[in-house]
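Presented below is the structure to which this report refers.
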Amino acid sequence: MTRVPVIETPAIETRQLSIQFGGHIAVNCLDLKVAPHCLKSIIGPNGAGKTTLFNLISGQYTPTSGNILFNGRDITRMGVADRTRLGIGRSFQLTNIFPSLTVLENVRLALQAKENVGMVFWRHYKAYPKLSEHAYELLKQVMLADKHRFMASLLTHGEQRKLEIAILLALDPDVLLLDEPTAGMSLEDVPAILDIIQGIKETKTRTILLVEHKFDMIMALSDSIAVLQEGRVICDDTPDAVSNNEKVLEAYLGGGVTHA
Amino acid sequence: MKTDTLKFQTRNRPFQQYAGWIIGIGLFLLPLIQMDLTTYLTLTVAGISLGMLIFLIASGLTLIFGLMDVLNLAHAAFFAFGAYAGFTVLNLLNNAGWIDTASLAQSLFYLALALGAAGLAGGGLGILTEKIVIKRVYGNHLMQLLVTVGVSFVIVELLKMIWGVNDEVVPVPMGFQDAFIIFGVFIEYFRVVAIFLGITIFAILQYILKQTKLGIIVRAGVENQEIVKATGYNISWIFTLVFAAGSALAAIGGTMMAIFNQAVDPGMGNQFLIFALIVVIIGGLGSVTGSFVGAVIVGLSFNYVAFLWPKMALGVNFMIMAIILLIRPKGLFGKD
Amino acid sequence: MDIKELTSLETSGKKTIQELTIAGIIFVFFIIPWIIPSFRVMDVLAKIMIFTIAVASFDLLLGYTGILSFAHGMFFGIGAYSIALILYHSDTPSGYHIFLAAGASIAISVVISLMISFFSLRVKAIFFAMLTLALAEFAHILGVQWSDLTGGADGISFTLPGIFNFGQTLGTLFNTQINGRLMVYYFILVIAVFLFTGMLRFIHSPLGRVLKAIRENEQRTIALGYKTFRYQTCSIVFSACIASLSGILFAMWLCYVNPDSVFHTAIMVNILLMVLIGGMGTLYGSLIGAGFFIVTENWLPGLLKSIAGLASDSVILANMADRWQLYFGILFVLVVIFFPKGVIGTFRVILDRRHQLHSS
Ligand SMILES: Nc1ncnc2c1ncn2[C@@H]1O[C@H](COP(=O)(O)OP(=O)(O)OP(=O)(O)O)[C@@H](O)[C@H]1O
Ligand SMILES: [Mg+2]
């Protein structure tokens with residue numbers, strides 16, 4: 001077994017992280033380390049707590065107990081906006097965009113947040129042409145450039161997923177939390193998104209946490225894989241080791257979920 | 001679950017809750033420094049009865065919001081409408097010459113007539129309003145606020161059209177003009193009636209909300225109409241009736257207030273709405289107990305301060321509201 | 001696709017038409033006192049301008065930020081009372097008193113609106129609406145009861161300084177008397193254009209864009225790294241200041257204020273109706289809303305009376321004619337239910353649809 005060595009401070013670390021909804025413990029004393037500039041995938045059956053874990057890391061939820069560290073710094077009590085500014089960006093499993101703004105505006109807003117000009121009220125927003133240009137470039141990357149004037153609500157589901165990724169890229173985060181980025185996307189669109197993720201990974205400057213159900217995709221992309229079940233990590237290892245792990249197979253078969 | 005944010009569950013802090021009560025009661029003994037005991041007791045009884053009247057107004061608002069998640073800004077208009085309905089009945093009785101000679105028992109009977117008429121009129125208007133307007137805006141707070149502002153405007157204009165724009169003197173049954181004296185404290189019968197009515201309505205509401213399934217059904221209906229329908233309840237009529245009940249409470253409060261002040265005018269709704277709003281904010285939106293406690297707080301502090309520094313009375317209520325909001329943004333008994 | 005086209009994203013042809021329309025409207029307001037020398041017409045136009053500003057400032061809050069504050073009318077009253085009090089108490093009113101009033105009302109508005117937004121952070125939107133409604137009622141009662149300062153229910157009348165003095169005639173030009181009132185009219189026009197332009201710039205600024213995003217999807221806006229509370233505070237404060245300035249214009253036009261004319265909740269309801277008619281979140285709609293409302297308010301009662309006069313012995317009919325505000329109320333409810341986007345908003349939806357059809 002070859003382990004991924006974790007020498008540096010992890011980019012993201014959770015310590016005994018738990019959250020409880022009523023009586024239901026969705027994430028249970030979870031310890032996870034994500035090495036910087038690596039791609040870690042998180043898999044697990046439906047309801048395992050993957051999205052909840054993302055919500056905890058990005059700050060949407062406040063944990064019942066435990067801590068979250070970003071580059072060694074405790075961010076457990078930090079608000080969502082502050083975490084984003086710190087460099088934790090995420091895409092949402094359920095598409096989360098601005099439906100009646102234009103596609104370009106969706107991305108421009110993210111860039112504007114990054115550039116910190118949001119509080120300016122005396123200049124026209126077009127006085128920052130760089131933002132629009134940059135937004136357009138990002139839309140090109142996700143193949144939405146020709147639809148930049150559309151209202152976002154008019155995009156197809158798959159296109160909205162791509163927009164979601166463009167928004168995330170605009171935020172230029174150090175850590176990217178990708179929650180099923182290709183879910184609901186038409187098959188011909190998937191490779192482009194994979195290329196984007198691959199591209200980010202190869203720059204070796206960013207950390208990626210990826211939740212996906214497409215197994216082959218995960219095997220190809222990941223440096224390491226953590227398997228979640230009922231809010232706990234049951235296995236955290238290299239792709240090869242995970243695919244041969246008995247507990248994992250059991251969890252998937254036991255959970256009654258089959259994957260291609 | 002729709003909510004994206006999950007707050008920490010507040011831990012039980014029995015001591016602090018205790019302390020709150022003690023400080024609160026202590027504050028209400030404070031006026032004693034400035035006045036003698038008899039005055040204090042007189043003001044206290046008056047304050048509690050005023051509080052009960054305010055509770056009557058606030059309870060309807062709370063009921064509708066607590067169960068149906070609708071903030072009815074037309075509540076003040078229902079209140080004024082009820083006041084006029086009760087006034088009309090008392091006027092008819094007065095024209096028949098019965099009011100001037102009424103004994104206490106007869107007075108109570110006439111009051112019941114007036115309140116009954118007001119309740120029916122208010123409830124009827126509530127049914128109409130719900131069926132025509134409110135049912136179209138469930139689930140959208142902004143639309144609810146806007147539409148009920150409009151409804152309020154329409155009702156007040158209708159009042160002016162029917163009854164005219166001027167103040168009218170409300171004939172008060174003779175039996176209520178009397179008072180009795182305990183420990184040197186002068187207590188008018190009508191105040192006792194007000195207190196009794198307030199407590200009764202509080203008890204009834206508590207019973208319905210805590211002991212029957214109505215609360216659960218309505219709240220489930222707010223979440224998902226279809227599911228409740230599937231269980232065989234006619235949810236749309238239940239909604240209508242809850243709204244009508246809230247409106248009827250407002251109307252009953254209106255008649256009580258009309259007798260209390262011995263006057264009605266078309267703008268009276270707005271004057272008392274401010275009390276009801278303060279009460280509901282202090283008590284916590286949607287909590288009947290909160291409204292009850294809030295109403296007593298407002299009634300008492302208003303009376304004490306009005307006696308000591310007449311012009312400050314309303315201002316003090318505002319200060320109390322601001323302080324409570326600073327300490328507990330959800331109000332004293334507010335849940336989420 | 002080149003960059004020029006990109007930076008003028010929305011469209012360019014629409015822009016020039018828009019600019020021409022605006023110039024045309026300003027010109028109409030400018031020229032009418034010369035063409036129709038009627039006080040009533042001038043009065044209506046002045047009030048339309050004043051309320052356009054008040055309504056637009058409210059729209060900034062409701063339409064662009066999604067905050068329903070019933071205390072907005074209060075800022076209108078604060079502006080009106082600042083100038084009334086300052087001019088009333090000064091022995092020799094002069095031009096700088098107007099600036100003083102503007103400064104004072106802005107200062108008060110900033111303080112109060114900051115307090116309001118501080119509370120809005122802590123409570124739910126619906127709670128906030130109640131809180132501000134209570135505050136607005138309180139302001140009205142304060143206006144009536146604090147008679148040492150405000151003159152109570154009787155209100156305050158005052159005279160304007162210098163060229164604005166109504167009693168003053170400066171001469172005649174093209175058969176129109178140039179007097180203090182006409183000067184105030186043009187003063188209102190200039191300030192109104194200035195404030196409206198300011199608001200347009202505000203909504204088209206980066207900050208305005210964030211406000212729009214917040215209204216669309218607050219959670220997502222936060223997740224982009226915006227601290228939404230700060231932006232909402234800016235919007236509350238900015239719109240409160242503009243509202244108070246429009247209150248100053250209102251008081252200047254009437255030279256009289258009383259609690260019912262500037263603090264009553266009915267004013268707030270009127271402003272709400274104007275916003276709704278024009279359409280929330282359109283800004284330009286405020287002109288349509290205010291125009292419609294003020295014009296109807298001026299001529300509807302007379303019209304109804306003359307209709308009722310046809311059957312002169314019917315008391316009910318006469319009563320119904322008297323209560324013309326009833327019809328505004330009914331219109332209000334109908335607009336909210338069936339026409340929630342208002343005139344401009346509905347128009348835009350149609351335009352957008354056509355635009356999408358063309359581009360796809
Ligand atoms: N806000 C919430 N309130 C109550 N329960 C919640 C909430 N959010 C998540 N849960 C519960 O937590 C559990 C984990 O949900 P989560 O969405 O994290 O699963 P997941 O691993 O992302 O599943 P999927 O593969 O379907 O996306 C589920 O049982 C869910 O019902
Ligand atoms: Mg998930």
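Identifiers in the structure tokens: chain A, B, ... in order shown; residue index from 1 per chain; ligand index from 1 in order shown.
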
With only C-alpha atoms as the counted atoms, please give the residues lying no more than 12 Å from B:Leu326, apart from itself and same-chain residues fewer than 2 positions off, as an mmCIF file with N, CA, C and O atoms, in the first residue's frame.
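Written file, selection-v3.cif:
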data_model
loop_
_atom_site.group_PDB
_atom_site.id
_atom_site.type_symbol
_atom_site.label_atom_id
_atom_site.label_comp_id
_atom_site.auth_asym_id
_atom_site.auth_seq_id
_atom_site.Cartn_x
_atom_site.Cartn_y
_atom_site.Cartn_z
ATOM 1 N N ILE B 281 -43.936 42.451 19.036
ATOM 2 C CA ILE B 281 -42.482 42.459 18.897
ATOM 3 C C ILE B 281 -41.817 42.100 20.226
ATOM 4 O O ILE B 281 -40.890 41.295 20.279
ATOM 5 N N ILE B 282 -42.328 42.693 21.314
ATOM 6 C CA ILE B 282 -41.763 42.377 22.632
ATOM 7 C C ILE B 282 -41.945 40.894 22.943
ATOM 8 O O ILE B 282 -41.024 40.206 23.374
ATOM 9 N N MET B 319 -38.840 52.442 24.144
ATOM 10 C CA MET B 319 -37.551 52.116 24.730
ATOM 11 C C MET B 319 -37.540 50.674 25.222
ATOM 12 O O MET B 319 -36.574 49.946 25.016
ATOM 13 N N ILE B 320 -38.635 50.270 25.852
ATOM 14 C CA ILE B 320 -38.712 48.884 26.318
ATOM 15 C C ILE B 320 -38.540 47.939 25.145
ATOM 16 O O ILE B 320 -37.787 46.965 25.187
ATOM 17 N N MET B 321 -39.231 48.280 24.043
ATOM 18 C CA MET B 321 -39.143 47.422 22.864
ATOM 19 C C MET B 321 -37.707 47.340 22.369
ATOM 20 O O MET B 321 -37.183 46.254 22.097
ATOM 21 N N ALA B 322 -37.050 48.496 22.285
ATOM 22 C CA ALA B 322 -35.682 48.509 21.772
ATOM 23 C C ALA B 322 -34.765 47.694 22.675
ATOM 24 O O ALA B 322 -33.950 46.897 22.196
ATOM 25 N N ILE B 323 -34.926 47.874 24.003
ATOM 26 C CA ILE B 323 -34.048 47.161 24.936
ATOM 27 C C ILE B 323 -34.255 45.652 24.816
ATOM 28 O O ILE B 323 -33.303 44.877 24.711
ATOM 29 N N ILE B 324 -35.530 45.240 24.787
ATOM 30 C CA ILE B 324 -35.801 43.804 24.690
ATOM 31 C C ILE B 324 -35.248 43.242 23.389
ATOM 32 O O ILE B 324 -34.662 42.150 23.358
ATOM 33 N N ARG B 328 -32.873 40.259 23.373
ATOM 34 C CA ARG B 328 -33.420 39.064 22.715
ATOM 35 C C ARG B 328 -34.067 39.476 21.396
ATOM 36 O O ARG B 328 -35.242 39.824 21.370
ATOM 37 N N PRO B 329 -33.309 39.392 20.306
ATOM 38 C CA PRO B 329 -33.825 39.870 19.023
ATOM 39 C C PRO B 329 -35.135 39.205 18.597
ATOM 40 O O PRO B 329 -35.863 39.752 17.796
ATOM 41 N N LYS B 330 -35.438 38.049 19.133
ATOM 42 C CA LYS B 330 -36.656 37.367 18.708
ATOM 43 C C LYS B 330 -37.832 37.689 19.618
ATOM 44 O O LYS B 330 -38.901 37.121 19.467
ATOM 45 N N GLY B 331 -37.622 38.552 20.566
ATOM 46 C CA GLY B 331 -38.691 38.838 21.511
ATOM 47 C C GLY B 331 -38.635 37.875 22.677
ATOM 48 O O GLY B 331 -37.916 36.873 22.652
ATOM 49 N N LEU B 332 -39.419 38.166 23.735
ATOM 50 C CA LEU B 332 -39.291 37.390 24.971
ATOM 51 C C LEU B 332 -39.570 35.908 24.761
ATOM 52 O O LEU B 332 -38.865 35.054 25.263
ATOM 53 N N MET C 115 -29.358 53.118 12.634
ATOM 54 C CA MET C 115 -29.967 52.360 13.727
ATOM 55 C C MET C 115 -30.957 51.327 13.176
ATOM 56 O O MET C 115 -30.977 50.181 13.617
ATOM 57 N N PHE C 118 -29.141 48.479 11.750
ATOM 58 C CA PHE C 118 -28.556 47.663 12.802
ATOM 59 C C PHE C 118 -29.586 46.658 13.325
ATOM 60 O O PHE C 118 -29.291 45.487 13.518
ATOM 61 N N PHE C 119 -30.836 47.136 13.481
ATOM 62 C CA PHE C 119 -31.881 46.216 13.931
ATOM 63 C C PHE C 119 -32.223 45.210 12.838
ATOM 64 O O PHE C 119 -32.519 44.066 13.112
ATOM 65 N N SER C 120 -32.184 45.668 11.605
ATOM 66 C CA SER C 120 -32.590 44.767 10.521
ATOM 67 C C SER C 120 -31.649 43.580 10.426
ATOM 68 O O SER C 120 -32.018 42.517 9.959
ATOM 69 N N LEU C 121 -30.424 43.775 10.879
ATOM 70 C CA LEU C 121 -29.485 42.647 10.892
ATOM 71 C C LEU C 121 -29.952 41.567 11.852
ATOM 72 O O LEU C 121 -29.755 40.385 11.647
ATOM 73 N N ARG C 122 -30.598 42.034 12.916
ATOM 74 C CA ARG C 122 -30.896 41.101 13.997
ATOM 75 C C ARG C 122 -32.237 40.412 13.848
ATOM 76 O O ARG C 122 -32.506 39.442 14.528
ATOM 77 N N VAL C 123 -33.120 40.937 13.023
ATOM 78 C CA VAL C 123 -34.458 40.350 12.979
ATOM 79 C C VAL C 123 -34.828 39.910 11.569
ATOM 80 O O VAL C 123 -34.216 40.315 10.599
#

Select the residues contacting ligand 1 at a distance of at most 9 Å, based on only C-alpha atoms and all ligand atoms, then format the selection as a short mmCIF file (atom, residue, chain, number, x, y, z; two decimals) with all heavy atoms, in the first residue's frame.
data_model
loop_
_atom_site.label_atom_id
_atom_site.label_comp_id
_atom_site.auth_asym_id
_atom_site.auth_seq_id
_atom_site.Cartn_x
_atom_site.Cartn_y
_atom_site.Cartn_z
N ILE A 19 -21.89 17.31 13.05
CA ILE A 19 -23.08 18.16 13.02
C ILE A 19 -24.32 17.28 13.15
O ILE A 19 -24.36 16.16 12.65
CB ILE A 19 -23.18 19.03 11.76
CG1 ILE A 19 -24.34 20.01 11.91
CG2 ILE A 19 -23.33 18.20 10.51
CD1 ILE A 19 -24.35 21.11 10.90
N GLN A 20 -25.27 17.80 13.88
CA GLN A 20 -26.45 17.02 14.21
C GLN A 20 -27.67 17.83 13.78
O GLN A 20 -27.78 19.01 14.07
CB GLN A 20 -26.46 16.84 15.73
CG GLN A 20 -27.32 15.71 16.21
CD GLN A 20 -27.08 15.43 17.69
OE1 GLN A 20 -26.10 15.87 18.27
NE2 GLN A 20 -28.01 14.72 18.29
N PHE A 21 -28.58 17.19 13.04
CA PHE A 21 -29.86 17.83 12.70
C PHE A 21 -30.93 17.14 13.51
O PHE A 21 -31.28 16.01 13.21
CB PHE A 21 -30.18 17.69 11.22
CG PHE A 21 -29.16 18.32 10.32
CD1 PHE A 21 -28.35 17.54 9.52
CD2 PHE A 21 -29.03 19.69 10.27
CE1 PHE A 21 -27.42 18.12 8.68
CE2 PHE A 21 -28.10 20.28 9.43
CZ PHE A 21 -27.29 19.49 8.64
N GLY A 22 -31.47 17.82 14.50
CA GLY A 22 -32.42 17.15 15.37
C GLY A 22 -31.71 15.95 15.99
O GLY A 22 -30.68 16.11 16.62
N HIS A 24 -30.57 13.44 14.14
CA HIS A 24 -29.79 12.77 13.11
C HIS A 24 -28.38 13.34 13.01
O HIS A 24 -28.20 14.54 12.82
CB HIS A 24 -30.52 12.92 11.77
CG HIS A 24 -29.78 12.36 10.61
ND1 HIS A 24 -29.62 11.01 10.43
CD2 HIS A 24 -29.17 12.98 9.59
CE1 HIS A 24 -28.92 10.82 9.33
NE2 HIS A 24 -28.64 11.99 8.79
N ILE A 25 -27.38 12.47 13.19
CA ILE A 25 -26.00 12.94 13.09
C ILE A 25 -25.54 12.78 11.64
O ILE A 25 -25.31 11.67 11.17
CB ILE A 25 -25.08 12.14 14.03
CG1 ILE A 25 -25.61 12.28 15.47
CG2 ILE A 25 -23.66 12.67 13.95
CD1 ILE A 25 -24.89 11.38 16.46
N ALA A 26 -25.41 13.88 10.94
CA ALA A 26 -25.10 13.81 9.51
C ALA A 26 -23.60 13.67 9.27
O ALA A 26 -23.16 12.98 8.36
CB ALA A 26 -25.63 15.04 8.79
N VAL A 27 -22.81 14.33 10.12
CA VAL A 27 -21.36 14.17 10.06
C VAL A 27 -20.91 13.85 11.47
O VAL A 27 -21.27 14.54 12.42
CB VAL A 27 -20.67 15.45 9.54
CG1 VAL A 27 -19.17 15.37 9.76
CG2 VAL A 27 -20.98 15.68 8.08
N ILE A 43 -16.24 10.23 -1.87
CA ILE A 43 -17.33 9.43 -2.40
C ILE A 43 -18.11 8.81 -1.25
O ILE A 43 -17.68 8.87 -0.08
CB ILE A 43 -16.84 8.33 -3.36
CG1 ILE A 43 -15.90 7.37 -2.63
CG2 ILE A 43 -16.14 8.93 -4.57
CD1 ILE A 43 -15.55 6.15 -3.45
N GLY A 44 -19.22 8.24 -1.59
CA GLY A 44 -20.03 7.62 -0.56
C GLY A 44 -21.46 7.57 -1.05
O GLY A 44 -21.84 8.32 -1.95
N PRO A 45 -22.25 6.67 -0.45
CA PRO A 45 -23.63 6.51 -0.89
C PRO A 45 -24.45 7.79 -0.65
O PRO A 45 -24.01 8.68 0.08
CB PRO A 45 -24.16 5.36 -0.04
CG PRO A 45 -23.18 5.15 1.05
CD PRO A 45 -21.88 5.73 0.61
N ASN A 46 -25.63 7.87 -1.25
CA ASN A 46 -26.50 9.02 -1.03
C ASN A 46 -26.79 9.19 0.45
O ASN A 46 -27.03 8.23 1.16
CB ASN A 46 -27.83 8.83 -1.77
CG ASN A 46 -27.63 8.88 -3.27
OD1 ASN A 46 -27.63 7.85 -3.94
ND2 ASN A 46 -27.41 10.05 -3.77
N GLY A 47 -26.75 10.43 0.89
CA GLY A 47 -27.03 10.70 2.29
C GLY A 47 -25.87 10.42 3.21
O GLY A 47 -26.01 10.46 4.43
N ALA A 48 -24.68 10.16 2.64
CA ALA A 48 -23.52 9.84 3.48
C ALA A 48 -23.04 11.07 4.24
O ALA A 48 -22.34 10.96 5.25
CB ALA A 48 -22.40 9.28 2.63
N GLY A 49 -23.38 12.25 3.74
CA GLY A 49 -22.95 13.47 4.41
C GLY A 49 -21.92 14.27 3.64
O GLY A 49 -21.27 15.15 4.18
N LYS A 50 -21.79 13.99 2.35
CA LYS A 50 -20.77 14.67 1.54
C LYS A 50 -21.08 16.16 1.40
O LYS A 50 -20.24 17.02 1.68
CB LYS A 50 -20.69 14.01 0.16
CG LYS A 50 -20.42 12.51 0.20
CD LYS A 50 -20.36 11.90 -1.17
CE LYS A 50 -21.67 11.92 -1.94
NZ LYS A 50 -22.71 11.00 -1.47
N THR A 51 -22.32 16.42 0.99
CA THR A 51 -22.70 17.83 0.83
C THR A 51 -22.67 18.56 2.16
O THR A 51 -22.24 19.71 2.26
CB THR A 51 -24.11 17.92 0.19
OG1 THR A 51 -24.07 17.25 -1.07
CG2 THR A 51 -24.53 19.35 -0.01
N THR A 52 -23.09 17.86 3.20
CA THR A 52 -23.07 18.46 4.52
C THR A 52 -21.64 18.82 4.92
O THR A 52 -21.39 19.90 5.47
CB THR A 52 -23.67 17.49 5.55
OG1 THR A 52 -24.95 17.08 5.08
CG2 THR A 52 -23.82 18.15 6.90
N LEU A 53 -20.71 17.95 4.60
CA LEU A 53 -19.30 18.22 4.90
C LEU A 53 -18.85 19.49 4.17
O LEU A 53 -18.19 20.36 4.75
CB LEU A 53 -18.44 17.03 4.49
CG LEU A 53 -16.93 17.23 4.64
CD1 LEU A 53 -16.57 17.45 6.10
CD2 LEU A 53 -16.15 16.05 4.07
N PHE A 54 -19.24 19.60 2.90
CA PHE A 54 -18.90 20.82 2.14
C PHE A 54 -19.52 22.05 2.79
O PHE A 54 -18.89 23.10 2.89
CB PHE A 54 -19.40 20.68 0.69
CG PHE A 54 -18.40 20.03 -0.21
CD1 PHE A 54 -17.38 19.25 0.29
CD2 PHE A 54 -18.47 20.21 -1.59
CE1 PHE A 54 -16.45 18.65 -0.53
CE2 PHE A 54 -17.55 19.62 -2.44
CZ PHE A 54 -16.54 18.83 -1.92
N ASN A 55 -20.77 21.90 3.20
CA ASN A 55 -21.45 23.04 3.83
C ASN A 55 -20.72 23.46 5.11
O ASN A 55 -20.71 24.64 5.46
CB ASN A 55 -22.89 22.68 4.17
CG ASN A 55 -23.80 22.80 2.96
OD1 ASN A 55 -23.53 23.60 2.06
ND2 ASN A 55 -24.84 22.01 2.92
N TYR A 61 -23.04 25.79 7.22
CA TYR A 61 -23.48 25.23 8.49
C TYR A 61 -22.42 25.48 9.56
O TYR A 61 -21.23 25.55 9.26
CB TYR A 61 -23.67 23.71 8.38
CG TYR A 61 -24.80 23.25 7.52
CD1 TYR A 61 -24.89 21.91 7.14
CD2 TYR A 61 -25.79 24.12 7.08
CE1 TYR A 61 -25.94 21.46 6.34
CE2 TYR A 61 -26.84 23.69 6.29
CZ TYR A 61 -26.90 22.36 5.92
OH TYR A 61 -27.93 21.93 5.13
N GLN A 93 -24.20 21.59 -5.34
CA GLN A 93 -24.79 20.40 -5.97
C GLN A 93 -26.09 20.79 -6.67
O GLN A 93 -26.33 20.42 -7.80
CB GLN A 93 -25.05 19.33 -4.91
CG GLN A 93 -25.68 18.08 -5.48
CD GLN A 93 -25.83 16.99 -4.42
OE1 GLN A 93 -25.58 17.21 -3.24
NE2 GLN A 93 -26.24 15.82 -4.86
N ASP A 179 -19.01 20.15 -5.81
CA ASP A 179 -20.03 19.18 -5.41
C ASP A 179 -20.76 18.65 -6.65
O ASP A 179 -21.61 19.33 -7.20
CB ASP A 179 -21.02 19.83 -4.44
CG ASP A 179 -21.80 18.80 -3.65
OD1 ASP A 179 -21.74 17.60 -4.01
OD2 ASP A 179 -22.46 19.18 -2.66
N GLU A 180 -20.37 17.49 -7.08
CA GLU A 180 -20.93 16.85 -8.27
C GLU A 180 -21.03 17.81 -9.45
O GLU A 180 -22.11 18.11 -9.93
CB GLU A 180 -22.31 16.26 -7.95
CG GLU A 180 -22.22 15.33 -6.74
CD GLU A 180 -23.42 14.40 -6.63
OE1 GLU A 180 -24.08 14.19 -7.67
OE2 GLU A 180 -23.68 13.89 -5.54
N VAL A 211 -16.59 16.00 -5.03
CA VAL A 211 -17.60 14.97 -4.77
C VAL A 211 -18.14 14.53 -6.10
O VAL A 211 -18.54 15.36 -6.91
CB VAL A 211 -18.74 15.51 -3.89
CG1 VAL A 211 -19.91 14.53 -3.87
CG2 VAL A 211 -18.26 15.77 -2.48
N GLU A 212 -18.11 13.24 -6.35
CA GLU A 212 -18.62 12.75 -7.63
C GLU A 212 -19.16 11.34 -7.47
O GLU A 212 -18.80 10.62 -6.53
CB GLU A 212 -17.50 12.72 -8.69
CG GLU A 212 -17.55 13.85 -9.70
CD GLU A 212 -18.87 13.96 -10.46
OE1 GLU A 212 -19.61 12.97 -10.53
OE2 GLU A 212 -19.18 15.06 -10.97
N HIS A 213 -20.05 10.96 -8.37
CA HIS A 213 -20.51 9.59 -8.39
C HIS A 213 -19.93 8.82 -9.58
O HIS A 213 -20.01 7.61 -9.64
CB HIS A 213 -22.04 9.53 -8.45
CG HIS A 213 -22.68 9.82 -7.12
ND1 HIS A 213 -22.37 9.12 -5.99
CD2 HIS A 213 -23.59 10.73 -6.75
CE1 HIS A 213 -23.08 9.58 -4.97
NE2 HIS A 213 -23.83 10.58 -5.40
N LEU A 228 -16.95 8.13 2.46
CA LEU A 228 -17.80 8.52 3.57
C LEU A 228 -18.97 7.56 3.68
O LEU A 228 -19.55 7.16 2.67
CB LEU A 228 -18.34 9.93 3.32
CG LEU A 228 -18.04 10.99 4.37
CD1 LEU A 228 -16.55 11.20 4.45
CD2 LEU A 228 -18.73 12.28 4.00
N GLN A 229 -19.30 7.20 4.91
CA GLN A 229 -20.51 6.44 5.12
C GLN A 229 -21.11 6.87 6.45
O GLN A 229 -20.41 6.89 7.46
CB GLN A 229 -20.21 4.94 5.12
CG GLN A 229 -21.48 4.12 5.12
CD GLN A 229 -21.19 2.65 5.40
OE1 GLN A 229 -20.10 2.29 5.82
NE2 GLN A 229 -22.18 1.82 5.17
N GLU A 230 -22.37 7.21 6.41
CA GLU A 230 -23.07 7.66 7.61
C GLU A 230 -22.26 8.67 8.41
O GLU A 230 -22.12 8.57 9.63
CB GLU A 230 -23.46 6.46 8.48
CG GLU A 230 -24.53 5.63 7.79
CD GLU A 230 -24.84 4.34 8.53
OE1 GLU A 230 -24.26 4.14 9.62
OE2 GLU A 230 -25.65 3.56 8.01
N GLY A 231 -21.69 9.63 7.69
CA GLY A 231 -21.02 10.72 8.36
C GLY A 231 -19.63 10.41 8.86
O GLY A 231 -19.02 11.23 9.56
N MET B 1 -35.53 19.67 4.35
CA MET B 1 -35.52 20.97 5.02
C MET B 1 -35.07 22.08 4.08
O MET B 1 -34.14 21.92 3.32
CB MET B 1 -34.54 20.93 6.21
CG MET B 1 -35.14 20.30 7.46
SD MET B 1 -36.32 21.44 8.21
CE MET B 1 -36.86 20.47 9.59
N LYS B 2 -35.75 23.20 4.14
CA LYS B 2 -35.42 24.29 3.23
C LYS B 2 -34.32 25.17 3.80
O LYS B 2 -33.50 25.71 3.06
CB LYS B 2 -36.66 25.14 2.97
CG LYS B 2 -37.45 24.65 1.76
CD LYS B 2 -38.63 25.57 1.49
CE LYS B 2 -39.70 25.43 2.52
NZ LYS B 2 -40.84 26.31 2.32
N THR B 3 -34.30 25.31 5.13
CA THR B 3 -33.38 26.26 5.73
C THR B 3 -31.95 25.85 5.47
O THR B 3 -31.57 24.71 5.62
CB THR B 3 -33.59 26.35 7.25
OG1 THR B 3 -33.73 25.02 7.72
CG2 THR B 3 -34.81 27.15 7.58
N ASP B 4 -31.17 26.84 5.10
CA ASP B 4 -29.78 26.56 4.79
C ASP B 4 -28.88 26.85 5.97
O ASP B 4 -27.77 26.37 6.04
CB ASP B 4 -29.34 27.41 3.60
CG ASP B 4 -29.22 26.57 2.35
OD1 ASP B 4 -29.30 25.33 2.50
OD2 ASP B 4 -29.03 27.12 1.28
N THR B 5 -29.36 27.65 6.87
CA THR B 5 -28.53 27.99 8.01
C THR B 5 -29.05 27.26 9.23
O THR B 5 -30.24 27.17 9.45
CB THR B 5 -28.59 29.50 8.30
OG1 THR B 5 -29.94 29.91 8.21
CG2 THR B 5 -27.74 30.27 7.33
N LEU B 6 -28.15 26.74 9.97
CA LEU B 6 -28.54 26.05 11.17
C LEU B 6 -27.91 26.75 12.35
O LEU B 6 -26.71 26.89 12.44
CB LEU B 6 -28.06 24.61 11.12
CG LEU B 6 -28.65 23.75 12.21
CD1 LEU B 6 -29.92 23.09 11.73
CD2 LEU B 6 -27.66 22.73 12.69
#

Name the closest residue to chain B among the candidates C:Val349, C:Met268, C:Met199, C:Ile294; distances are taken between atoms, counting only C-alpha atoms.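 Of the candidates, the smallest distance to chain B is held by C:Met268.
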
Write out as a list of chain:residue names the residues lying within 10 Å of stretch 139-143 of chain A, counting only C-alpha atoms and excluding same-chain residues fewer than 3 positions away.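 Counting only the stated atoms, we get A:Val103, A:Leu104, A:Val107, A:Glu133, A:His134, A:Ala135, A:Tyr136, A:Asp146, A:Lys147, A:His148, A:Glu159, A:Arg161, A:Lys162, A:Leu163, A:Glu164, A:Ile165, A:Ala166, A:Ile167, A:Leu169, A:Ala170, A:Asp189, A:Ala192, A:Ile193, A:Asp195, A:Ile196.
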